[in-house]
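> Sending over query_21.cif (mmCIF, C-alpha atoms).
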data_target
loop_
_atom_site.label_atom_id
_atom_site.label_comp_id
_atom_site.auth_asym_id
_atom_site.auth_seq_id
_atom_site.Cartn_x
_atom_site.Cartn_y
_atom_site.Cartn_z
CA GLN W 27 -28.70 15.55 10.53
CA VAL W 28 -27.11 13.65 7.69
CA THR W 29 -29.27 13.86 4.58
CA GLY W 30 -29.14 13.73 0.82
CA HIS W 31 -27.36 11.63 -1.74
CA LEU W 32 -24.09 9.75 -1.28
CA ASP W 33 -21.00 10.27 -3.47
CA ASP W 34 -20.23 7.54 -6.02
CA CYS W 35 -23.79 6.14 -5.60
CA THR W 36 -27.28 6.68 -6.98
CA CYS W 37 -28.63 6.28 -3.45
CA ASP W 38 -29.56 8.70 -0.66
CA VAL W 39 -29.59 8.60 3.13
CA GLU W 40 -33.40 8.75 3.50
CA THR W 41 -34.02 5.68 1.29
CA ILE W 42 -31.53 3.63 3.31
CA ASP W 43 -32.96 4.77 6.66
CA ALA W 44 -36.53 3.83 5.72
CA PHE W 45 -35.52 0.47 4.24
CA ASN W 46 -33.23 -0.48 7.13
CA ASN W 47 -35.27 0.74 10.10
CA TYR W 48 -38.66 -0.57 9.04
CA LYS W 49 -37.92 -3.61 6.91
CA LEU W 50 -34.48 -5.11 7.28
CA PHE W 51 -33.05 -4.49 10.73
CA PRO W 52 -35.86 -6.05 12.84
CA ARG W 53 -35.49 -9.34 10.92
CA LEU W 54 -31.70 -9.23 10.94
CA ASN W 55 -31.66 -8.59 14.67
CA GLU W 56 -33.79 -11.69 15.26
CA LEU W 57 -31.39 -13.78 13.15
CA LEU W 58 -28.35 -12.55 15.10
CA GLN W 59 -29.87 -13.69 18.42
CA SER W 60 -29.96 -17.31 17.19
CA ASP W 61 -27.38 -19.90 18.24
CA TYR W 62 -25.79 -20.22 14.81
CA PHE W 63 -24.96 -16.51 14.65
CA ARG W 64 -24.14 -15.67 18.24
CA TYR W 65 -21.04 -17.88 18.63
CA TYR W 66 -17.87 -16.75 16.90
CA LYS W 67 -14.54 -18.53 17.09
CA VAL W 68 -11.60 -16.21 17.52
CA ASN W 69 -7.94 -16.31 18.51
CA LEU W 70 -7.36 -13.32 20.79
CA LYS W 71 -3.84 -14.37 21.73
CA LYS W 72 -2.02 -13.80 18.45
CA PRO W 73 0.92 -11.42 18.90
CA CYS W 74 0.96 -8.12 17.05
CA PRO W 75 2.97 -8.68 13.83
CA PHE W 76 3.89 -5.02 13.26
CA TRP W 77 5.30 -3.60 16.46
CA ASP W 78 6.29 -4.68 19.92
CA ASP W 79 3.39 -3.72 22.14
CA ASN W 80 4.98 -4.62 25.48
CA SER W 81 6.68 -1.26 25.85
CA HIS W 82 4.18 -0.08 28.47
CA CYS W 83 1.39 -1.52 30.53
CA GLY W 84 -0.09 -3.13 27.41
CA MET W 85 -3.82 -3.41 27.77
CA ARG W 86 -3.58 -6.75 26.05
CA ASP W 87 -2.54 -8.09 29.44
CA CYS W 88 -4.60 -5.62 31.43
CA ALA W 89 -7.75 -6.81 29.75
CA VAL W 90 -7.61 -10.23 31.33
CA GLN W 91 -5.17 -10.11 34.21
CA PRO W 92 -3.54 -7.49 36.42
CA CYS W 93 -0.51 -5.71 35.01
CA PRO W 94 2.76 -7.45 35.86
CA SER W 95 5.06 -4.90 37.48
CA ASP W 96 7.77 -5.41 34.86
CA GLU W 97 5.44 -3.98 32.19
CA VAL W 98 5.07 -0.65 33.93
CA PRO W 99 7.47 1.87 32.35
CA ASP W 100 10.86 2.17 34.06
CA GLY W 101 10.46 5.83 35.00
CA ILE W 102 7.32 5.10 36.94
CA ARG W 103 8.68 1.92 38.48
CA SER W 104 11.86 3.54 39.80
CA ALA W 105 11.84 4.45 43.50
CA SER W 106 11.47 8.18 43.06
CA TYR W 107 8.16 7.67 41.32
CA LYS W 108 7.00 4.82 43.45
CA TYR W 109 3.94 6.53 44.87
CA SER W 110 3.62 9.26 42.28
CA GLU W 111 0.37 10.39 40.78
CA GLU W 112 1.38 8.88 37.45
CA ALA W 113 1.96 5.46 38.95
CA ASN W 114 -1.39 5.53 40.69
CA ASN W 115 -3.21 6.76 37.59
CA LEU W 116 -1.60 4.08 35.45
CA ASP W 117 -2.59 1.47 38.00
CA GLU W 118 -6.17 2.70 38.05
CA GLU W 119 -6.37 2.79 34.26
CA CYS W 120 -5.05 -0.75 34.18
CA GLU W 121 -7.66 -1.92 36.62
CA GLU W 122 -10.45 -0.19 34.71
CA ALA W 123 -9.28 -1.65 31.43
CA LYS W 124 -9.07 -5.08 33.00
CA ARG W 125 -12.70 -4.90 34.14
CA LEU W 126 -14.13 -3.37 30.99
CA GLY W 127 -12.00 -5.09 28.38
CA ALA W 128 -12.18 -8.68 29.57
CA VAL W 129 -13.96 -11.11 27.28
CA ASP W 130 -16.52 -13.45 28.82
CA ASP W 131 -15.81 -16.80 27.16
CA SER W 132 -18.03 -18.91 29.41
CA LEU W 133 -20.21 -21.29 27.41
CA SER W 134 -22.70 -23.72 28.87
CA LYS W 135 -21.96 -27.46 28.72
CA GLU W 136 -24.75 -27.95 26.12
CA THR W 137 -23.31 -25.20 23.93
CA ARG W 138 -19.81 -26.68 24.14
CA GLU W 139 -21.13 -30.00 22.90
CA ALA W 140 -23.13 -28.35 20.10
CA VAL W 141 -20.05 -26.38 19.13
CA LEU W 142 -17.98 -29.56 18.71
CA GLN W 143 -20.75 -30.90 16.49
CA TRP W 144 -20.66 -27.76 14.32
CA ALA W 145 -16.97 -28.23 13.65
CA ARG W 146 -17.50 -31.87 12.62
CA HIS W 147 -20.50 -30.94 10.53
CA ASP W 148 -18.59 -28.14 8.79
CA ASP W 149 -15.65 -30.40 8.10
CA SER W 150 -17.79 -33.20 6.74
CA SER W 151 -19.89 -31.13 4.33
CA ASP W 152 -18.68 -29.86 0.99
CA SER W 153 -19.96 -26.36 1.55
CA PHE W 154 -17.43 -25.33 4.19
CA CYS W 155 -13.68 -25.17 4.51
CA GLU W 156 -12.31 -23.96 7.80
CA ALA W 157 -9.69 -21.23 8.03
CA ASP W 158 -6.38 -22.42 9.52
CA ASP W 159 -6.45 -20.11 12.50
CA ILE W 160 -9.65 -21.71 13.79
CA HIS W 161 -7.84 -24.99 14.41
CA SER W 162 -5.26 -23.30 16.61
CA PRO W 163 -5.47 -24.49 20.22
CA GLU W 164 -5.60 -20.81 21.23
CA ALA W 165 -8.81 -20.12 19.29
CA GLU W 166 -12.00 -20.28 21.31
CA TYR W 167 -15.69 -19.68 20.87
CA VAL W 168 -17.09 -16.44 22.24
CA ASP W 169 -20.77 -15.64 22.77
CA LEU W 170 -21.30 -12.29 21.04
CA LEU W 171 -24.48 -11.57 23.01
CA LEU W 172 -22.53 -11.83 26.27
CA ASN W 173 -19.79 -9.58 24.88
CA PRO W 174 -21.55 -6.61 23.27
CA GLU W 175 -19.56 -3.97 21.43
CA ARG W 176 -19.39 -0.97 23.76
CA TYR W 177 -17.10 1.46 25.57
CA THR W 178 -14.20 -0.38 27.20
CA GLY W 179 -11.88 2.37 28.46
CA TYR W 180 -9.49 1.67 25.55
CA LYS W 181 -8.39 5.10 24.29
CA GLY W 182 -5.45 7.47 24.00
CA PRO W 183 -2.15 6.90 22.17
CA ASP W 184 -2.61 3.12 21.86
CA ALA W 185 -5.96 3.32 20.12
CA TRP W 186 -4.76 6.26 18.01
CA LYS W 187 -1.73 4.25 16.84
CA ILE W 188 -4.00 1.49 15.50
CA TRP W 189 -6.21 3.81 13.45
CA ASN W 190 -3.25 5.88 12.33
CA SER W 191 -1.43 2.86 10.90
CA ILE W 192 -4.64 1.77 9.15
CA TYR W 193 -5.21 5.16 7.51
CA GLU W 194 -1.61 6.18 6.88
CA GLU W 195 -0.21 2.89 5.62
CA ASN W 196 -3.16 0.98 4.24
CA CYS W 197 -5.50 3.42 2.49
CA PHE W 198 -3.34 3.98 -0.63
CA LYS W 199 -2.62 7.46 0.74
CA PRO W 200 0.65 9.27 0.02
CA GLN W 201 2.44 10.45 3.19
CA ASN W 202 2.41 14.11 2.15
CA VAL W 203 -1.40 14.27 1.99
CA LYS W 204 -2.53 14.87 5.55
CA ARG W 205 -5.79 13.46 6.86
CA PRO W 206 -8.24 16.03 8.24
CA LEU W 207 -8.11 16.46 12.03
CA ALA W 208 -5.33 13.93 12.43
CA SER W 209 -3.67 14.34 15.80
CA GLY W 210 -1.31 17.27 16.35
CA ARG W 211 -1.23 18.81 12.89
CA GLY W 212 -1.98 22.17 11.43
CA ASP W 213 -5.23 21.68 9.56
CA ASP W 214 -6.61 23.12 6.33
CA GLY W 215 -10.08 21.67 6.94
CA GLY W 216 -9.16 18.65 4.84
CA HIS W 217 -8.92 20.77 1.68
CA MET W 218 -5.77 19.03 0.36
CA PHE W 219 -6.96 15.62 1.45
CA TYR W 220 -10.34 15.80 -0.27
CA LYS W 221 -8.76 17.28 -3.38
CA TRP W 222 -6.48 14.24 -3.43
CA LEU W 223 -9.35 11.82 -2.72
CA LYS W 224 -11.41 13.26 -5.58
CA GLY W 225 -8.49 12.71 -7.91
CA VAL W 226 -7.89 9.00 -7.25
CA CYS W 227 -9.71 6.15 -8.97
CA VAL W 228 -13.10 5.05 -7.68
CA GLU W 229 -11.71 1.84 -6.14
CA LYS W 230 -9.11 3.60 -3.97
CA ARG W 231 -11.68 6.20 -2.96
CA ALA W 232 -14.10 3.41 -2.01
CA PHE W 233 -11.40 1.67 0.04
CA TYR W 234 -10.83 4.79 2.13
CA ARG W 235 -14.56 5.31 2.59
CA LEU W 236 -15.12 1.71 3.72
CA ILE W 237 -12.45 2.04 6.41
CA SER W 238 -13.81 5.41 7.49
CA GLY W 239 -17.32 3.89 7.64
CA LEU W 240 -16.05 1.02 9.80
CA HIS W 241 -14.34 3.54 12.10
CA ALA W 242 -17.58 5.54 12.36
CA SER W 243 -19.57 2.40 13.18
CA ILE W 244 -17.20 1.48 16.03
CA ASN W 245 -17.28 5.04 17.42
CA ILE W 246 -21.08 5.13 17.29
CA HIS W 247 -21.30 1.89 19.26
CA LEU W 248 -18.96 3.02 22.00
CA SER W 249 -20.88 6.33 22.27
CA ALA W 250 -24.25 4.55 22.32
CA ARG W 251 -23.24 2.00 24.97
CA TYR W 252 -21.07 4.09 27.25
CA LEU W 253 -20.37 3.41 30.90
CA LEU W 254 -22.46 6.15 32.51
CA GLN W 255 -22.40 4.90 36.08
CA ASP W 256 -20.18 2.39 37.84
CA THR W 257 -20.96 1.60 41.45
CA TRP W 258 -20.57 -1.57 43.50
CA SER W 259 -24.27 -2.33 43.08
CA GLU W 260 -24.67 -1.72 39.36
CA LYS W 261 -23.10 -0.70 36.07
CA LYS W 262 -25.25 1.53 33.90
CA TRP W 263 -24.62 1.70 30.14
CA GLY W 264 -26.29 4.17 27.82
CA PRO W 265 -25.88 6.89 25.18
CA ASN W 266 -23.18 9.49 25.83
CA ILE W 267 -24.21 12.48 23.71
CA THR W 268 -21.02 14.46 24.39
CA GLU W 269 -18.83 11.58 23.22
CA PHE W 270 -20.92 11.27 20.05
CA GLN W 271 -20.75 15.02 19.34
CA GLN W 272 -16.98 15.10 19.76
CA ARG W 273 -16.67 12.60 16.94
CA PHE W 274 -19.49 13.62 14.61
CA ASP W 275 -20.82 17.14 15.32
CA GLU W 276 -20.36 19.32 12.24
CA VAL W 277 -19.04 22.35 14.17
CA ILE W 278 -16.74 20.50 16.58
CA THR W 279 -15.23 18.36 13.79
CA ARG W 280 -15.04 21.27 11.33
CA GLY W 281 -17.35 19.59 8.85
CA GLU W 282 -15.63 16.23 9.09
CA GLY W 283 -18.28 14.41 11.22
CA PRO W 284 -21.07 14.30 8.62
CA ARG W 285 -18.59 12.95 6.05
CA ARG W 286 -17.74 10.12 8.45
CA LEU W 287 -21.43 9.32 8.88
CA LYS W 288 -21.99 9.31 5.13
CA ASN W 289 -19.13 6.84 4.83
CA LEU W 290 -21.04 4.58 7.24
CA TYR W 291 -23.97 4.63 4.79
CA PHE W 292 -21.54 3.80 1.99
CA LEU W 293 -20.27 0.79 3.98
CA TYR W 294 -23.89 -0.28 4.55
CA LEU W 295 -24.58 -0.17 0.79
CA ILE W 296 -21.51 -2.27 -0.04
CA GLU W 297 -22.40 -4.95 2.52
CA LEU W 298 -26.08 -4.89 1.48
CA ARG W 299 -24.99 -5.40 -2.14
CA ALA W 300 -22.91 -8.43 -1.11
CA LEU W 301 -25.93 -9.97 0.66
CA SER W 302 -28.07 -9.49 -2.44
CA LYS W 303 -25.42 -11.25 -4.56
CA VAL W 304 -24.78 -14.28 -2.34
CA LEU W 305 -28.37 -15.59 -2.37
CA PRO W 306 -27.67 -18.60 -4.69
CA PHE W 307 -25.09 -19.94 -2.20
CA PHE W 308 -27.62 -20.04 0.65
CA GLU W 309 -30.64 -21.05 -1.43
CA ARG W 310 -29.33 -24.53 -2.19
CA PRO W 311 -31.33 -27.27 -0.40
CA GLY W 312 -28.04 -28.79 0.77
CA PHE W 313 -27.08 -25.70 2.74
CA GLN W 314 -28.25 -25.60 6.34
CA LEU W 315 -27.52 -23.48 9.38
CA TYR W 316 -26.58 -26.55 11.34
CA THR W 317 -26.90 -26.35 15.15
CA GLY W 318 -28.40 -29.79 15.77
CA ASN W 319 -31.85 -28.39 16.52
CA GLU W 320 -33.67 -29.29 13.28
CA HIS W 321 -36.77 -27.20 13.87
CA GLN W 322 -34.79 -24.07 14.78
CA ASP W 323 -32.30 -24.66 11.93
CA ALA W 324 -35.13 -24.75 9.37
CA GLU W 325 -36.74 -21.62 10.87
CA MET W 326 -33.48 -19.70 10.81
CA LYS W 327 -32.70 -20.70 7.24
CA HIS W 328 -36.16 -19.46 6.25
CA LEU W 329 -35.50 -16.14 8.02
CA LEU W 330 -32.03 -15.89 6.44
CA LEU W 331 -33.47 -16.33 2.93
CA GLU W 332 -36.19 -13.77 3.70
CA ILE W 333 -33.45 -11.26 4.63
CA LEU W 334 -31.44 -12.02 1.47
CA HIS W 335 -34.52 -11.65 -0.78
CA LEU W 336 -35.26 -8.38 0.98
CA ALA W 337 -31.68 -7.22 0.35
CA LYS W 338 -32.11 -8.11 -3.32
CA SER W 339 -35.31 -6.04 -3.52
CA PHE W 340 -33.55 -2.81 -2.42
CA PRO W 341 -34.24 -0.28 -5.20
CA LEU W 342 -30.98 1.71 -5.30
CA HIS W 343 -28.10 -0.76 -5.03
CA PHE W 344 -24.48 0.25 -5.33
CA ASP W 345 -23.21 -0.63 -8.80
CA GLU W 346 -20.01 -2.53 -8.23
CA ASN W 347 -19.49 -2.90 -11.99
CA SER W 348 -17.65 0.41 -11.83
CA PHE W 349 -14.99 -1.41 -9.78
CA PHE W 350 -11.98 -2.86 -11.58
CA ALA W 351 -13.65 -2.23 -14.92
CA GLY W 352 -10.76 -0.78 -16.94
CA ASN W 353 -7.81 -2.45 -18.65
CA LYS W 354 -7.84 -6.14 -17.59
CA LYS W 355 -4.19 -6.27 -16.58
CA GLU W 356 -4.41 -3.02 -14.59
CA ALA W 357 -7.67 -4.14 -12.99
CA ALA W 358 -6.17 -7.46 -11.86
CA LYS W 359 -3.18 -5.66 -10.36
CA LEU W 360 -5.42 -3.18 -8.53
CA LYS W 361 -7.68 -5.97 -7.23
CA GLU W 362 -4.67 -7.78 -5.79
CA GLU W 363 -3.44 -4.55 -4.13
CA PHE W 364 -6.91 -4.07 -2.67
CA ARG W 365 -6.85 -7.61 -1.25
CA LEU W 366 -3.37 -7.22 0.28
CA HIS W 367 -4.17 -3.84 1.86
CA PHE W 368 -7.28 -5.31 3.39
CA LYS W 369 -5.43 -8.38 4.62
CA ASN W 370 -2.95 -6.06 6.30
CA ILE W 371 -5.73 -4.24 8.12
CA SER W 372 -7.10 -7.53 9.43
CA LYS W 373 -3.60 -8.31 10.79
CA ILE W 374 -3.43 -4.92 12.54
CA MET W 375 -6.44 -6.05 14.60
CA ASP W 376 -4.03 -8.37 16.47
CA CYS W 377 -2.31 -5.22 17.77
CA VAL W 378 -5.44 -3.87 19.48
CA GLY W 379 -4.69 -3.73 23.20
CA CYS W 380 -8.15 -4.43 24.60
CA PHE W 381 -9.58 -7.91 24.10
CA LYS W 382 -13.18 -6.86 23.57
CA CYS W 383 -12.19 -4.21 21.00
CA ARG W 384 -9.97 -6.80 19.34
CA LEU W 385 -12.86 -9.28 19.18
CA TRP W 386 -15.21 -6.82 17.46
CA GLY W 387 -12.43 -5.38 15.29
CA LYS W 388 -11.54 -8.86 13.99
CA LEU W 389 -15.18 -9.79 13.48
CA GLN W 390 -16.02 -6.62 11.55
CA THR W 391 -12.95 -6.69 9.32
CA GLN W 392 -13.63 -10.36 8.53
CA GLY W 393 -17.26 -9.45 7.77
CA LEU W 394 -16.27 -6.66 5.39
CA GLY W 395 -13.57 -8.90 3.86
CA THR W 396 -16.23 -11.56 3.22
CA ALA W 397 -18.51 -8.95 1.59
CA LEU W 398 -15.67 -7.94 -0.74
CA LYS W 399 -14.91 -11.60 -1.50
CA ILE W 400 -18.57 -12.08 -2.52
CA LEU W 401 -18.58 -8.98 -4.76
CA PHE W 402 -15.40 -10.14 -6.50
CA SER W 403 -16.73 -13.69 -6.99
CA GLU W 404 -19.94 -12.86 -8.81
CA ASN W 405 -19.22 -15.14 -11.79
CA LEU W 406 -18.46 -18.09 -9.52
CA ILE W 407 -21.63 -17.55 -7.50
CA GLU W 408 -23.78 -17.43 -10.62
CA ARG W 409 -22.43 -20.84 -11.65
CA ILE W 410 -23.22 -22.58 -8.33
CA PRO W 411 -25.22 -25.77 -9.06
CA GLU W 412 -28.26 -26.60 -6.94
CA SER W 413 -26.64 -29.63 -5.38
CA GLY W 414 -23.11 -30.88 -4.80
CA PRO W 415 -20.01 -28.74 -4.25
CA SER W 416 -20.24 -25.04 -5.05
CA TYR W 417 -17.38 -24.88 -7.59
CA GLY W 418 -14.70 -22.49 -6.48
CA PHE W 419 -16.88 -20.42 -4.16
CA GLN W 420 -17.03 -21.34 -0.48
CA LEU W 421 -17.99 -19.57 2.71
CA THR W 422 -16.92 -21.02 6.05
CA ARG W 423 -19.19 -20.79 9.07
CA GLN W 424 -16.76 -18.15 10.41
CA GLU W 425 -17.21 -15.99 7.33
CA ILE W 426 -21.01 -16.35 7.44
CA VAL W 427 -21.20 -15.38 11.13
CA ALA W 428 -18.80 -12.45 10.58
CA LEU W 429 -20.63 -11.21 7.44
CA PHE W 430 -24.06 -11.01 9.11
CA ASN W 431 -22.83 -9.69 12.47
CA ALA W 432 -20.72 -6.99 10.79
CA PHE W 433 -23.73 -5.95 8.73
CA GLY W 434 -25.80 -6.00 11.93
CA ARG W 435 -23.39 -3.49 13.47
#
What is this file in structure tokens?

Amino acid sequence: QVTGHLDDCTCDVETIDAFNNYKLFPRLNELLQSDYFRYYKVNLKKPCPFWDDNSHCGMRDCAVQPCPSDEVPDGIRSASYKYSEEANNLDEECEEAKRLGAVDDSLSKETREAVLQWARHDDSSDSFCEADDIHSPEAEYVDLLLNPERYTGYKGPDAWKIWNSIYEENCFKPQNVKRPLASGRGDDGGHMFYKWLKGVCVEKRAFYRLISGLHASINIHLSARYLLQDTWSEKKWGPNITEFQQRFDEVITRGEGPRRLKNLYFLYLIELRALSKVLPFFERPGFQLYTGNEHQDAEMKHLLLEILHLAKSFPLHFDENSFFAGNKKEAAKLKEEFRLHFKNISKIMDCVGCFKCRLWGKLQTQGLGTALKILFSENLIERIPESGPSYGFQLTRQEIVALFNAFGR
């Protein structure tokens, strides 16, 4: 059980649980089932900018088509290994990854037409500006309800490499301070690491905790929707307790698991705070959740505003005024570092080998990025006039869909 208060906050776990489970989540869940929020445009074909990921049977290809033989490592491909156990295992893993990692991008004819309308509507209104990537011919709409976040068979060295590069290179962490339970290291129970973390400024500590919270969220989802049975007649998904315990049990993780879960609560508080701050943007009469169905659009906007007012009413909000509050010049420099580190993490998502993991990784980093953008734009949001352009502060449809779906996770 994770209980008690959270570091760097005035809030505690029990208050969040009661507020989320009974008040907020049922409404949010309803919103996320609606047409406006279930379709997300994403480019899953961007190459990894940081390393060459074709050195082995890259699951990027496995996820949507069988592995070409020239991507199987040389040692396995050479004659002596032709029918070896390794070759067969690799082949099987490839096949499994292909089945579990493929993204279903089938949209009905009606949806395709509506989707074209959205783009025109977004372009023609002042309240949206589209991100460049969305206009790429490789970007396509994906139905998030048809592609739930769950176990995909993507694991091992590839997945570890992604998280390692996020933590080691993008969390402001010096190389000599080792993360607790990082693969293949002698461990001091995180003593050095937490001593270091306590000593850094609140912003850098928060950055690490946000990433750890995101990691925890993803691990919870793949444990909760695990492939328990796979036969020709049916696939059965459900909670895998062992998988969950390996990642979060206090004894197995030497005390690390509960910290990870508390970081998930911290992430929740940051995103909740962003929702409470962005209300003026959505309250304007000119803003609509345009899908072409007027009745549904009005209903969904009403529900959206209800959720935002509810977020605002939360009694123990995170106080982001402690962020970037010192010397103006130092604060500006730190804020820019924060932005660049986060941008880097969103680029790493293009290195994720499995398409479905890549989809949810991109969506959740964009959602968290949008939450941070809102928190750092408070002055601009307060100055938004009731009608006309929203001076300096914009959210694209992409950002809106990512923000609410990431919070829904």
> Measuring atom to atom with all atoms listed in the file, identify which of W:Lys288, W:Arg365, W:Lys124, W:His217 is nearest to Val39 (chain W).
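Smallest distance to Val39 (chain W) is found for W:Lys288.
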> What's around region 400-414 of chain W at 10 Å? Count only C-alpha atoms, leave out sequence neighbours fewer than 2 positions away in its own chain, and write the answer as a ChimeraX atom specification.
/W:151-153,296-297,299-307,309-313,346-347,349-350,361,394-398,416-421
> With all atoms listed in the file as the atoms that count, which of W:Gln27, W:Asp130, W:Met326, W:Phe344 lies nearest to Gln271 (chain W)?
W:Gln27
> Taking into account all atoms listed in the file, which residue in the set W:Cys74, W:Glu229, W:Asp38, W:Pro183 is nearest to Glu363 (chain W)?
W:Glu229
> What residues come out when you apply the PyMOL selection byres ((chain W and resi 377) around 9) to this file, written as a PyMOL selection string?
chain W and resi 72-79+86+188+373-376+378-379+384
> Could you tell me how far CA of Gly127 (chain W) lies from CA of Lys369 (chain W), in Å and to one decimal?
24.9 Å
> Within 10 Å of Asn266 (chain W), counting all atoms listed in the file, which residues show up once you throw out same-chain ones fewer than 3 positions away? Write them as number ranges by chain, please.
W: 246, 248-254, 263, 269-271
> Written as a PyMOL selection string, which residues does the PyMOL selection byres ((chain W and resi 165) around 10) give for the file shown?
chain W and resi 66-72+159-164+166-168
> Evaluate the PyMOL selection byres ((chain W and resi 241) around 10) against this structure - the residues, as a list in words, please.
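Residues picked by the PyMOL selection byres ((chain W and resi 241) around 10): Trp189, Arg235, Leu236, Ile237, Ser238, Gly239, Leu240, Ala242, Ser243, Ile244, Asn245, Ile246, Arg286, Leu287, Asn289, Leu290 and Gly387 of chain W.
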> Measure the distance from CA of Lys199 (chain W) to CA of Tyr220 (chain W) in Å and round it to one decimal.
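Distance between the two atoms: 11.4 Å.
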> What's around Val228 (chain W) at 8 Å? Count all atoms listed in the file, leave out sequence neighbours fewer than 2 positions away in its own chain, and write the answer as a list of chain:residue names.
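Surrounding residues, per the criterion: W:Asp34, W:Val226, W:Lys230, W:Arg231, W:Ala232, W:Ser348, W:Phe349.
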> Grab the residues selected above and save them as an mmCIF file, keeping the file's coordinate frame with C-alpha atoms.

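File selection.cif, as written:
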data_model
loop_
_atom_site.group_PDB
_atom_site.id
_atom_site.type_symbol
_atom_site.label_atom_id
_atom_site.label_comp_id
_atom_site.auth_asym_id
_atom_site.auth_seq_id
_atom_site.Cartn_x
_atom_site.Cartn_y
_atom_site.Cartn_z
ATOM 1 C CA ASP W 34 -20.230 7.540 -6.020
ATOM 2 C CA VAL W 226 -7.890 9.000 -7.250
ATOM 3 C CA LYS W 230 -9.110 3.600 -3.970
ATOM 4 C CA ARG W 231 -11.680 6.200 -2.960
ATOM 5 C CA ALA W 232 -14.100 3.410 -2.010
ATOM 6 C CA SER W 348 -17.650 0.410 -11.830
ATOM 7 C CA PHE W 349 -14.990 -1.410 -9.780
#
> Of the candidates W:Leu171, W:Ile267, W:Val427, W:Leu334, which one gets nearest to Lys49 (chain W) if we count all atoms listed in the file?
W:Leu334
> If I take CA of Phe381 (chain W) and CA of Val129 (chain W), how far is one from the other in Å, to one decimal?
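We find that CA of Phe381 (chain W) and CA of Val129 (chain W) lie 6.3 Å from each other.
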> Hey, can you pull every residue with an atom no more than 9 Å from (-13.6, 5.8, 29.3), using only C-alpha atoms, and send it as an MDAnalysis selection string?
chainID W and resid 122:123 177:181 252:253
> Neighbours of Leu133 (chain W) within 10 Å (all atoms listed in the file; same-chain residues fewer than 6 positions away dropped), as number ranges by chain?
W: 65, 139, 141, 167-169, 172
> For Gly393 (chain W), which residue among W:Tyr48, W:Phe433, W:Phe364, W:Phe233 is the nearest when counting only C-alpha atoms?
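With only C-alpha atoms as the atom set, the closest residue is W:Phe433.
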> Centre and edge lengths of an axis-aligned box around all listed atoms of region 343-356 of chain W, with 6 Å added on each side, are to be given in Å to one decimal, as lines of an AutoDock Vina configuration file.

center_x = -16.1
center_y = -2.9
center_z = -11.8
size_x = 35.9
size_y = 18.7
size_z = 25.6
> With all atoms listed in the file as the basis for distance, which of W:Thr391, W:Gln201, W:Arg285, W:His247 is at the shortest distance from Pro174 (chain W)?
W:His247
